[in-house]
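Data file: final11.csv. Format and content: CSV, C-alpha atoms.
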chain,number,residue,atom,x,y,z
A,1,MET,CA,146.1,80.0,90.5
A,2,GLU,CA,143.6,77.3,91.4
A,3,ALA,CA,143.1,78.9,94.8
A,4,PHE,CA,142.4,82.2,93.1
A,5,VAL,CA,139.8,80.6,90.8
A,6,VAL,CA,138.1,78.9,93.8
A,7,ALA,CA,138.0,82.3,95.6
A,8,LEU,CA,136.6,84.0,92.6
A,9,GLN,CA,134.0,81.3,92.2
A,10,SER,CA,133.0,81.7,95.9
A,11,VAL,CA,132.7,85.5,95.5
A,12,TRP,CA,130.5,84.9,92.4
A,13,ASN,CA,128.3,82.4,94.2
A,14,ASP,CA,127.8,84.7,97.1
A,15,SER,CA,126.9,87.7,94.9
A,16,GLY,CA,123.5,88.6,93.7
A,17,PHE,CA,124.6,88.3,90.1
A,18,SER,CA,124.7,84.5,90.4
A,19,ALA,CA,120.9,84.4,91.1
A,20,PHE,CA,119.9,87.4,88.9
A,21,THR,CA,117.3,86.5,86.4
A,22,MET,CA,115.5,88.2,83.5
A,23,GLY,CA,112.5,88.7,85.8
A,24,HIS,CA,114.6,90.7,88.2
A,25,ALA,CA,115.9,92.8,85.4
A,26,ILE,CA,112.4,93.5,84.1
A,27,MET,CA,111.2,94.5,87.6
A,28,MET,CA,114.2,96.8,88.0
A,29,LEU,CA,113.3,98.5,84.7
A,30,VAL,CA,109.7,98.9,86.1
A,31,GLY,CA,111.2,100.5,89.2
A,32,ILE,CA,113.3,102.9,87.1
A,33,ILE,CA,110.2,103.8,85.0
A,34,LEU,CA,108.2,104.5,88.2
A,35,LEU,CA,111.1,106.7,89.4
A,36,TYR,CA,111.0,108.6,86.1
A,37,LEU,CA,107.2,109.1,86.4
A,38,ALA,CA,107.6,110.3,90.0
A,39,ILE,CA,110.6,112.6,89.8
A,40,GLY,CA,110.7,113.5,86.1
A,41,LYS,CA,106.9,113.9,85.6
A,42,GLY,CA,105.8,114.7,89.1
A,43,PHE,CA,103.2,111.9,89.4
A,44,GLU,CA,102.7,111.5,93.2
A,45,PRO,CA,106.5,111.8,93.8
A,46,LEU,CA,106.3,111.4,97.6
A,47,LEU,CA,104.7,108.0,97.2
A,48,LEU,CA,105.9,106.6,93.9
A,49,SER,CA,109.6,107.4,94.6
A,50,PRO,CA,110.0,105.2,97.6
A,51,ILE,CA,107.7,102.5,96.0
A,52,ALA,CA,110.0,102.5,93.0
A,53,PHE,CA,113.1,102.3,95.0
A,54,GLY,CA,111.6,99.5,97.2
A,55,CYS,CA,110.9,97.7,93.9
A,56,LEU,CA,114.6,97.9,93.0
A,57,LEU,CA,115.6,96.6,96.5
A,58,ALA,CA,113.1,93.8,96.3
A,59,ASN,CA,114.7,92.4,93.1
A,60,VAL,CA,118.2,92.2,94.4
A,61,PRO,CA,118.7,88.5,95.0
A,62,LYS,CA,120.1,87.1,98.3
A,63,THR,CA,119.5,90.1,100.5
A,64,GLY,CA,117.8,88.1,103.2
A,65,PHE,CA,115.2,90.8,103.8
A,66,GLU,CA,112.4,88.4,104.6
A,67,ASP,CA,114.2,86.0,106.9
A,68,GLN,CA,117.0,88.0,108.6
A,69,PRO,CA,116.2,90.5,111.4
A,70,GLY,CA,116.7,94.1,110.3
A,71,VAL,CA,115.0,97.3,109.3
A,72,MET,CA,113.6,95.8,106.1
A,73,GLN,CA,111.9,93.1,108.1
A,74,VAL,CA,110.4,95.7,110.4
A,75,ILE,CA,109.1,97.6,107.4
A,76,LEU,CA,107.5,94.4,105.9
A,77,TYR,CA,106.0,93.6,109.3
A,78,GLY,CA,104.4,97.0,109.4
A,79,ILE,CA,102.9,96.4,105.9
A,80,ASN,CA,101.6,92.9,106.7
A,81,HIS,CA,100.2,93.7,110.1
A,82,GLU,CA,98.1,96.8,109.5
A,83,ILE,CA,100.5,99.2,111.3
A,84,PHE,CA,101.3,101.8,108.7
A,85,PRO,CA,97.9,102.5,107.0
A,86,PRO,CA,96.2,103.6,110.3
A,87,LEU,CA,99.2,105.8,111.1
A,88,ILE,CA,98.9,107.4,107.6
A,89,PHE,CA,95.2,108.0,108.4
A,90,LEU,CA,96.2,109.8,111.6
A,91,GLY,CA,98.2,112.3,109.5
A,92,VAL,CA,95.5,112.5,106.8
A,93,GLY,CA,92.9,113.3,109.5
A,94,ALA,CA,95.1,116.0,111.0
A,95,MET,CA,95.3,117.7,107.5
A,96,THR,CA,91.6,117.3,106.6
A,97,ASP,CA,88.9,119.9,107.0
A,98,PHE,CA,85.6,118.2,107.4
A,99,GLY,CA,83.9,121.6,107.5
A,100,PRO,CA,82.5,121.5,103.9
A,101,LEU,CA,81.0,118.1,104.6
A,102,ILE,CA,79.4,119.3,107.9
A,103,ALA,CA,78.1,122.4,106.3
A,104,ASN,CA,76.5,120.5,103.4
A,105,PRO,CA,75.8,116.9,104.7
A,106,LYS,CA,74.1,115.8,101.5
A,107,THR,CA,77.5,115.7,99.8
A,108,LEU,CA,78.0,112.5,101.9
A,109,LEU,CA,75.8,110.8,99.4
A,110,LEU,CA,78.1,111.8,96.5
A,111,GLY,CA,81.0,110.2,98.4
A,112,ALA,CA,78.9,107.1,98.8
A,113,ALA,CA,77.8,107.1,95.1
A,114,ALA,CA,81.4,107.2,94.0
A,115,GLN,CA,82.1,103.9,95.7
A,116,ALA,CA,80.1,102.2,92.9
A,117,GLY,CA,83.4,101.7,91.1
A,118,VAL,CA,84.6,99.5,94.0
A,119,PHE,CA,81.7,97.0,93.5
A,120,VAL,CA,81.8,97.2,89.7
A,121,SER,CA,85.5,96.1,89.8
A,122,LEU,CA,84.8,93.5,92.4
A,123,LEU,CA,82.2,91.8,90.2
A,124,GLY,CA,84.5,92.1,87.2
A,125,ALA,CA,87.4,90.5,89.1
A,126,MET,CA,85.3,87.6,90.2
A,127,MET,CA,84.1,87.0,86.6
A,128,LEU,CA,87.8,86.9,85.6
A,129,GLY,CA,88.5,84.1,88.1
A,130,PHE,CA,89.9,85.9,91.2
A,131,THR,CA,88.7,84.7,94.5
A,132,VAL,CA,86.2,86.8,96.4
A,133,GLN,CA,88.9,88.0,98.8
A,134,GLU,CA,91.2,89.0,95.9
A,135,ALA,CA,88.4,90.6,94.0
A,136,SER,CA,87.5,92.7,97.1
A,137,ALA,CA,91.1,94.0,97.4
A,138,ILE,CA,91.2,94.8,93.7
A,139,GLY,CA,87.9,96.6,93.8
A,140,ILE,CA,88.9,99.0,96.5
A,141,ILE,CA,91.3,100.6,94.0
A,142,GLY,CA,88.2,102.4,92.8
A,143,GLY,CA,88.2,104.4,96.0
A,144,ALA,CA,91.5,106.0,95.0
A,145,ASP,CA,92.7,105.6,98.6
A,146,GLY,CA,96.1,104.1,98.7
A,147,PRO,CA,96.4,103.3,102.5
A,148,THR,CA,92.9,101.6,102.5
A,149,ALA,CA,93.9,99.6,99.4
A,150,ILE,CA,97.1,98.5,101.1
A,151,TYR,CA,95.2,97.8,104.4
A,152,LEU,CA,92.6,95.6,102.6
A,153,ALA,CA,95.1,93.9,100.3
A,154,ALA,CA,97.4,92.9,103.3
A,155,LYS,CA,94.4,91.2,104.9
A,156,MET,CA,92.6,89.7,101.9
A,157,ALA,CA,95.1,89.3,99.1
A,158,PRO,CA,98.7,89.6,100.3
A,159,ASN,CA,100.0,87.9,97.2
A,160,LEU,CA,98.6,90.8,95.1
A,161,LEU,CA,99.7,93.6,97.4
A,162,GLY,CA,102.3,95.1,95.2
A,163,ALA,CA,100.2,95.2,92.1
A,164,ILE,CA,97.2,96.7,93.9
A,165,ALA,CA,99.3,99.4,95.6
A,166,VAL,CA,101.0,100.4,92.4
A,167,ALA,CA,97.6,100.5,90.6
A,168,ALA,CA,96.0,102.6,93.4
A,169,TYR,CA,98.7,105.1,93.6
A,170,SER,CA,99.2,105.4,89.9
A,171,TYR,CA,95.6,106.2,89.2
A,172,MET,CA,95.6,108.7,92.1
A,173,SER,CA,98.4,110.5,90.4
A,174,LEU,CA,96.5,110.4,87.0
A,175,VAL,CA,93.3,112.0,88.4
A,176,PRO,CA,93.8,115.2,86.3
A,177,LEU,CA,94.0,113.1,83.1
A,178,ILE,CA,91.4,110.4,83.7
A,179,GLN,CA,88.5,112.4,85.3
A,180,PRO,CA,87.9,115.5,83.0
A,181,PRO,CA,86.8,113.5,79.9
A,182,ILE,CA,84.3,111.5,82.1
A,183,MET,CA,83.0,114.6,83.8
A,184,LYS,CA,82.4,116.4,80.5
A,185,LEU,CA,80.7,113.3,79.0
A,186,CYS,CA,78.2,113.2,81.9
A,187,THR,CA,77.4,116.9,82.0
A,188,THR,CA,76.2,119.7,79.8
A,189,GLU,CA,77.9,123.1,79.5
A,190,ALA,CA,75.0,124.6,81.5
A,191,ASP,CA,75.6,122.0,84.3
A,192,ARG,CA,79.3,122.9,84.5
A,193,LYS,CA,78.5,126.6,84.7
A,194,ILE,CA,76.3,126.3,87.8
A,195,VAL,CA,77.5,128.5,90.6
A,196,MET,CA,76.8,127.1,94.1
A,197,GLU,CA,75.9,129.1,97.1
A,198,GLN,CA,78.5,129.9,99.7
A,199,LEU,CA,78.7,127.3,102.5
A,200,ARG,CA,77.5,128.3,105.9
A,201,PRO,CA,80.1,128.7,108.7
A,202,VAL,CA,80.7,125.6,110.8
A,203,SER,CA,81.0,126.1,114.6
A,204,HIS,CA,83.9,124.9,116.7
A,205,PHE,CA,81.4,122.6,118.6
A,206,GLU,CA,80.3,120.9,115.4
A,207,ARG,CA,83.9,120.3,114.4
A,208,ILE,CA,84.7,118.6,117.7
A,209,VAL,CA,81.5,116.5,117.8
A,210,PHE,CA,81.9,115.2,114.2
A,211,PRO,CA,85.1,113.1,114.7
A,212,VAL,CA,83.8,111.7,118.0
A,213,VAL,CA,80.4,110.7,116.7
A,214,THR,CA,81.7,109.4,113.4
A,215,THR,CA,84.2,107.1,115.2
A,216,ILE,CA,81.6,105.7,117.5
A,217,VAL,CA,78.9,105.1,114.9
A,218,ILE,CA,81.1,103.6,112.1
A,219,SER,CA,83.3,101.5,114.5
A,220,LEU,CA,80.2,100.0,116.1
A,221,LEU,CA,78.7,99.3,112.7
A,222,LEU,CA,81.9,97.9,111.1
A,223,PRO,CA,84.5,96.9,113.8
A,224,PRO,CA,87.1,95.7,111.2
A,225,VAL,CA,87.8,99.3,110.2
A,226,CYS,CA,87.9,100.8,113.7
A,227,SER,CA,91.6,101.3,113.4
A,228,LEU,CA,91.4,103.2,110.1
A,229,ILE,CA,88.4,105.4,111.1
A,230,GLY,CA,89.6,105.8,114.6
A,231,MET,CA,93.0,107.1,113.5
A,232,LEU,CA,91.5,109.3,110.8
A,233,MET,CA,89.2,111.0,113.3
A,234,LEU,CA,91.8,111.2,116.1
A,235,GLY,CA,94.0,113.1,113.7
A,236,ASN,CA,91.1,115.4,112.9
A,237,LEU,CA,90.4,115.9,116.6
A,238,PHE,CA,94.0,117.0,117.0
A,239,LYS,CA,93.5,119.6,114.3
A,240,GLU,CA,90.1,121.0,115.5
A,241,ALA,CA,90.6,120.9,119.3
A,242,GLY,CA,92.5,124.1,119.4
A,243,CYS,CA,94.6,123.0,122.3
A,244,LEU,CA,96.5,120.1,120.6
A,245,ASP,CA,98.5,122.0,118.1
A,246,ARG,CA,101.8,120.2,118.9
A,247,LEU,CA,100.1,116.8,118.3
A,248,SER,CA,98.5,118.0,115.2
A,249,ASP,CA,101.7,119.4,113.8
A,250,THR,CA,103.5,116.1,114.6
A,251,ALA,CA,100.8,114.0,112.9
A,252,GLN,CA,100.7,116.3,109.8
A,253,ASN,CA,104.5,116.6,109.3
A,254,ALA,CA,107.1,114.5,111.1
A,255,LEU,CA,105.0,111.4,111.7
A,256,MET,CA,103.3,111.6,108.3
A,257,ASN,CA,106.6,111.8,106.4
A,258,ILE,CA,108.2,109.0,108.3
A,259,VAL,CA,105.3,106.6,107.9
A,260,THR,CA,104.9,107.5,104.2
A,261,ILE,CA,108.5,106.5,103.7
A,262,MET,CA,108.0,103.2,105.5
A,263,LEU,CA,104.6,102.4,103.9
A,264,ALA,CA,105.7,103.2,100.3
A,265,THR,CA,109.1,101.5,100.6
A,266,GLY,CA,107.5,98.5,102.1
A,267,THR,CA,105.0,98.4,99.3
A,268,GLY,CA,107.8,98.4,96.8
A,269,LEU,CA,109.5,95.5,98.7
A,270,THR,CA,106.5,93.4,97.9
A,271,MET,CA,107.0,93.8,94.1
A,272,LYS,CA,109.2,90.8,93.6
A,273,ALA,CA,109.5,89.4,90.1
A,274,GLU,CA,108.2,86.0,91.3
A,275,SER,CA,104.9,87.5,92.4
A,276,PHE,CA,104.5,90.5,90.2
A,277,LEU,CA,105.3,89.3,86.7
A,278,ASN,CA,102.2,87.4,85.7
A,279,TYR,CA,98.9,88.0,83.8
A,280,GLN,CA,97.1,88.8,87.1
A,281,THR,CA,99.0,92.0,87.4
A,282,ILE,CA,97.8,93.2,83.9
A,283,LEU,CA,94.2,92.3,84.9
A,284,ILE,CA,94.6,94.3,88.1
A,285,ILE,CA,95.8,97.3,86.3
A,286,VAL,CA,92.9,97.2,83.9
A,287,LEU,CA,90.3,96.5,86.6
A,288,GLY,CA,91.7,99.3,88.6
A,289,LEU,CA,91.2,101.7,85.7
A,290,ILE,CA,87.6,100.4,85.3
A,291,ALA,CA,87.0,100.9,89.0
A,292,PHE,CA,88.3,104.4,89.0
A,293,ALA,CA,86.4,105.4,85.9
A,294,ALA,CA,83.2,103.8,87.2
A,295,GLY,CA,83.5,105.6,90.5
A,296,THR,CA,84.0,109.0,88.8
A,297,PHE,CA,81.0,108.3,86.5
A,298,ALA,CA,78.7,107.3,89.3
A,299,GLY,CA,79.7,110.3,91.4
A,300,VAL,CA,78.9,112.8,88.5
A,301,VAL,CA,75.7,111.0,87.6
A,302,PHE,CA,74.5,111.1,91.2
A,303,GLY,CA,75.5,114.8,91.3
A,304,LYS,CA,73.4,115.4,88.2
A,305,LEU,CA,70.4,113.7,89.9
A,306,MET,CA,71.0,115.8,93.0
A,307,CYS,CA,71.1,118.9,90.8
A,308,ILE,CA,67.7,118.0,89.3
A,309,LEU,CA,66.1,117.3,92.7
A,310,ASP,CA,67.3,120.5,94.3
A,311,GLY,CA,66.4,122.8,91.4
A,312,GLY,CA,69.8,123.4,90.0
A,313,LYS,CA,71.6,124.3,93.2
A,314,THR,CA,74.3,121.5,92.9
A,315,ASN,CA,77.0,121.6,90.3
A,316,PRO,CA,77.3,117.9,89.2
A,317,LEU,CA,81.0,118.2,88.8
A,318,ILE,CA,81.6,118.0,92.5
A,319,GLY,CA,80.4,114.4,92.4
A,320,SER,CA,83.6,113.3,90.7
A,321,ALA,CA,85.5,114.3,93.9
A,322,GLY,CA,83.8,111.4,95.7
A,323,VAL,CA,86.6,109.1,94.7
A,324,SER,CA,88.6,110.4,97.7
A,325,ALA,CA,91.9,111.3,96.1
A,326,VAL,CA,92.3,114.2,98.5
A,327,PRO,CA,92.6,117.0,97.6
A,328,MET,CA,93.5,116.4,93.9
A,329,ALA,CA,90.0,115.2,92.9
A,330,ALA,CA,88.4,118.4,94.4
A,331,ARG,CA,90.9,120.5,92.5
A,332,VAL,CA,90.0,118.8,89.2
A,333,SER,CA,86.3,119.7,89.9
A,334,GLN,CA,87.4,123.3,90.5
A,335,ILE,CA,89.5,123.4,87.3
A,336,VAL,CA,86.8,121.9,85.0
A,337,GLY,CA,84.1,124.1,86.5
A,338,GLN,CA,86.2,127.2,86.1
A,339,LYS,CA,86.9,126.5,82.5
A,340,ALA,CA,83.2,126.5,81.9
A,341,ASN,CA,82.6,129.6,84.0
A,342,PRO,CA,85.6,131.7,85.2
A,343,ALA,CA,83.4,133.0,88.1
A,344,ASN,CA,82.9,129.5,89.4
A,345,PHE,CA,84.6,128.4,92.7
A,346,LEU,CA,83.8,124.8,93.4
A,347,LEU,CA,86.8,123.8,95.5
A,348,MET,CA,85.3,124.0,98.9
A,349,HIS,CA,82.0,122.5,97.7
A,350,ALA,CA,84.0,119.6,96.1
A,351,MET,CA,85.9,119.0,99.4
A,352,GLY,CA,82.6,117.8,100.9
A,353,PRO,CA,82.3,114.7,98.7
A,354,ASN,CA,86.1,114.4,98.6
A,355,VAL,CA,86.5,113.8,102.3
A,356,ALA,CA,83.2,111.8,102.3
A,357,GLY,CA,84.9,109.5,99.8
A,358,VAL,CA,87.7,108.8,102.3
A,359,ILE,CA,85.1,107.7,104.9
A,360,GLY,CA,83.2,105.9,102.2
A,361,THR,CA,86.1,103.8,101.0
A,362,ALA,CA,87.0,102.8,104.6
A,363,VAL,CA,83.3,101.8,105.1
A,364,ALA,CA,83.4,99.8,101.9
A,365,ALA,CA,86.5,98.0,103.0
A,366,GLY,CA,85.0,97.4,106.4
A,367,ALA,CA,81.8,95.9,104.8
A,368,MET,CA,83.9,93.5,102.7
A,369,LEU,CA,85.9,92.4,105.8
A,370,ALA,CA,82.7,91.9,107.8
A,371,MET,CA,80.8,90.0,105.1
A,372,ILE,CA,83.7,88.1,103.4
A,373,GLY,CA,86.4,88.0,106.0
A,374,PRO,CA,90.2,88.0,105.6
A,375,VAL,CA,92.1,85.3,103.8
A,376,LYS,CA,92.9,82.3,106.0

How does the structure come out when it is put into structure tokens?
Amino acid sequence: MEAFVVALQSVWNDSGFSAFTMGHAIMMLVGIILLYLAIGKGFEPLLLSPIAFGCLLANVPKTGFEDQPGVMQVILYGINHEIFPPLIFLGVGAMTDFGPLIANPKTLLLGAAAQAGVFVSLLGAMMLGFTVQEASAIGIIGGADGPTAIYLAAKMAPNLLGAIAVAAYSYMSLVPLIQPPIMKLCTTEADRKIVMEQLRPVSHFERIVFPVVTTIVISLLLPPVCSLIGMLMLGNLFKEAGCLDRLSDTAQNALMNIVTIMLATGTGLTMKAESFLNYQTILIIVLGLIAFAAGTFAGVVFGKLMCILDGGKTNPLIGSAGVSAVPMAARVSQIVGQKANPANFLLMHAMGPNVAGVIGTAVAAGAMLAMIGPVK
């Protein structure tokens, strides 16, 4: 009998139950809620589902994920050493049409204006006591670009990676709820009814030159984001070349799906109770919302200014798409514009600032890395 009790005690001590805490239980509940939002409500299911499941795995005690060789350690290595975000950008580039931006280059300014939310949140985070590196990583949530947020957080605030990633992807999924009230607040009914002229055709030569020139200029200006911009534009070159269809298809589908699983699951693995359950997480969620709202506001206001300067040719609603949640933010511009005027078709016009926002967020991240530097 005594031997049985000793064996039972040994089994208990080796199990995860012996080290399971209330914090682990709370984080598992968070993971279940995220799974419900992803699968039950359809909020960014391809991203939130693996993040949520990774959160469940991260809060099982005694797994040895961080100190024993295995696939989980490989995933965490890819998160912490800037492997997965550039590969995600490769797939994003292969799926992105920069034609609307090339056809109407001034929409690049709308993408830049929407980055105001990044710096508003950065200043707010510093005022609340975060270090300048942590504040920079929090601020980038305003760009609504999950891979860039993870990339910057891994370099500048690895201790906040889980909270920043969850905030970034959560607000990306809530674009249709957050943006319309701000867009309507900043515009009149007449503004929303403006019908924009059809975009000019973009030549094959322009489509080939754009990714090459963009890579060279931005990488020379901001070397820290060369991997992000380079992979984004390489993927786009695969798409536009016309003779690289196999590479483009792989980047858009197989590779993109595999890396998304790895990136999202790895992000969830960083959501351990010890590092996630603190007041900083709440502040990050609030600051992320402020950053996102400020970016949307700045984009629409700048669109309003552009509308005034060009004599009413620009519908200000497309400025909201500068937050770079591709293509969801552009679709929101289309939906809000069409509610005001059923004959309004803003989607392709909104894609200009939308893809400009992707570039703008990467540039903002590069500027922070260049001026502030990664955490030592």

Which residue out of A:Ser275, A:Asn341, A:Thr214, A:Thr270 has the minimum interatomic distance to Ala190 (chain A) when all atoms listed in the file are used? A:Asn341

From the options A:Ser333, A:Ser203, A:Ser15, A:Thr314, which residue's atoms come nearest to Ala241 (chain A), counting all atoms listed in the file? A:Ser203

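Of the residues listed (A:Val92, A:Leu35, A:Ile102, A:Cys307), A:Ile102 shows the shortest atom-to-atom separation from Val202 (chain A); distances use all atoms listed in the file.
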
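Restricting the calculation to all atoms listed in the file, the smallest distance between Met196 (chain A) and any of A:Val355, A:Leu37, A:Ala350, A:Met368 is found for A:Ala350.
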
Show me, as JSON lines, the residues of region 133-234 of chain A having an atom within 7 Å of region 80-86 of chain A, each with the closest atom pair and its distance in Å, using all atoms listed in the file.
{"residue": "A:Pro147", "atom": "CA", "partner": "A:Pro85", "partner_atom": "CA", "distance": 4.8}
{"residue": "A:Thr148", "atom": "CA", "partner": "A:Pro85", "partner_atom": "CA", "distance": 6.8}
{"residue": "A:Tyr151", "atom": "CA", "partner": "A:Glu82", "partner_atom": "CA", "distance": 6.0}
{"residue": "A:Ala154", "atom": "CA", "partner": "A:Asn80", "partner_atom": "CA", "distance": 5.4}
{"residue": "A:Ser227", "atom": "CA", "partner": "A:Pro86", "partner_atom": "CA", "distance": 6.0}
{"residue": "A:Leu228", "atom": "CA", "partner": "A:Pro86", "partner_atom": "CA", "distance": 4.8}
{"residue": "A:Met231", "atom": "CA", "partner": "A:Pro86", "partner_atom": "CA", "distance": 5.7}

Ala58 (chain A) surroundings by all atoms listed in the file, 6 Å radius, close-in-sequence under 3 positions cut, as a VMD selection string: chain A and resid 54 to 55 269 272

Please list as a list in words every residue within 10 Å of Asn104 (chain A), counting all atoms listed in the file and excluding residues in the same chain fewer than 4 positions away. Gly99, Pro100, Leu108, Leu199, Arg200, Val202, His349, Gly352 and Pro353 of chain A

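Using only C-alpha atoms, the nearest neighbour of Ser136 (chain A) within the list A:Ser121, A:Thr188, A:Gln115, A:Gln338 is A:Ser121.
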
Which one of A:Ile359, A:Met233, A:Leu8, A:Ala298 sits closest to Gly319 (chain A) if you count only C-alpha atoms? A:Ala298

Can you complete the atoms of region 257-278 of chain A to N, CA and C atoms and list them as an mmCIF file, in the frame of the given file?
data_model
loop_
_atom_site.group_PDB
_atom_site.id
_atom_site.type_symbol
_atom_site.label_atom_id
_atom_site.label_comp_id
_atom_site.auth_asym_id
_atom_site.auth_seq_id
_atom_site.Cartn_x
_atom_site.Cartn_y
_atom_site.Cartn_z
ATOM 1 N N ASN A 257 105.459 112.052 107.341
ATOM 2 C CA ASN A 257 106.600 111.800 106.400
ATOM 3 C C ASN A 257 107.294 110.526 106.698
ATOM 4 N N ILE A 258 107.516 110.231 107.973
ATOM 5 C CA ILE A 258 108.200 109.000 108.300
ATOM 6 C C ILE A 258 107.404 107.765 107.901
ATOM 7 N N VAL A 259 106.113 107.783 108.225
ATOM 8 C CA VAL A 259 105.300 106.600 107.900
ATOM 9 C C VAL A 259 105.093 106.476 106.401
ATOM 10 N N THR A 260 105.017 107.599 105.681
ATOM 11 C CA THR A 260 104.900 107.500 104.200
ATOM 12 C C THR A 260 106.126 106.824 103.624
ATOM 13 N N ILE A 261 107.305 107.160 104.123
ATOM 14 C CA ILE A 261 108.500 106.500 103.700
ATOM 15 C C ILE A 261 108.444 104.986 103.915
ATOM 16 N N MET A 262 108.048 104.621 105.138
ATOM 17 C CA MET A 262 108.000 103.200 105.500
ATOM 18 C C MET A 262 106.917 102.468 104.681
ATOM 19 N N LEU A 263 105.723 103.066 104.579
ATOM 20 C CA LEU A 263 104.600 102.400 103.900
ATOM 21 C C LEU A 263 104.955 102.242 102.384
ATOM 22 N N ALA A 264 105.436 103.295 101.761
ATOM 23 C CA ALA A 264 105.700 103.200 100.300
ATOM 24 C C ALA A 264 106.889 102.318 100.013
ATOM 25 N N THR A 265 107.947 102.401 100.810
ATOM 26 C CA THR A 265 109.100 101.500 100.600
ATOM 27 C C THR A 265 108.701 100.065 100.801
ATOM 28 N N GLY A 266 107.920 99.817 101.848
ATOM 29 C CA GLY A 266 107.500 98.500 102.100
ATOM 30 C C GLY A 266 106.591 97.914 100.996
ATOM 31 N N THR A 267 105.773 98.787 100.425
ATOM 32 C CA THR A 267 105.000 98.400 99.300
ATOM 33 C C THR A 267 105.849 97.959 98.114
ATOM 34 N N GLY A 268 106.884 98.746 97.870
ATOM 35 C CA GLY A 268 107.800 98.400 96.800
ATOM 36 C C GLY A 268 108.530 97.083 97.067
ATOM 37 N N LEU A 269 108.801 96.794 98.344
ATOM 38 C CA LEU A 269 109.500 95.500 98.700
ATOM 39 C C LEU A 269 108.633 94.308 98.392
ATOM 40 N N THR A 270 107.325 94.496 98.221
ATOM 41 C CA THR A 270 106.500 93.400 97.900
ATOM 42 C C THR A 270 106.443 93.089 96.374
ATOM 43 N N MET A 271 107.079 93.957 95.583
ATOM 44 C CA MET A 271 107.000 93.800 94.100
ATOM 45 C C MET A 271 108.162 92.949 93.601
ATOM 46 N N LYS A 272 108.227 91.753 94.112
ATOM 47 C CA LYS A 272 109.200 90.800 93.600
ATOM 48 C C LYS A 272 108.825 90.209 92.312
ATOM 49 N N ALA A 273 109.796 89.912 91.477
ATOM 50 C CA ALA A 273 109.500 89.400 90.100
ATOM 51 C C ALA A 273 108.634 88.137 90.205
ATOM 52 N N GLU A 274 108.898 87.281 91.188
ATOM 53 C CA GLU A 274 108.200 86.000 91.300
ATOM 54 C C GLU A 274 106.683 86.200 91.460
ATOM 55 N N SER A 275 106.284 87.266 92.151
ATOM 56 C CA SER A 275 104.900 87.500 92.400
ATOM 57 C C SER A 275 104.225 88.556 91.556
ATOM 58 N N PHE A 276 105.044 89.373 90.896
ATOM 59 C CA PHE A 276 104.500 90.500 90.200
ATOM 60 C C PHE A 276 104.381 90.249 88.665
ATOM 61 N N LEU A 277 105.303 89.479 88.114
ATOM 62 C CA LEU A 277 105.300 89.300 86.700
ATOM 63 C C LEU A 277 104.396 88.108 86.270
ATOM 64 N N ASN A 278 103.123 88.401 86.188
ATOM 65 C CA ASN A 278 102.200 87.400 85.700
ATOM 66 C C ASN A 278 100.945 88.115 85.157
#
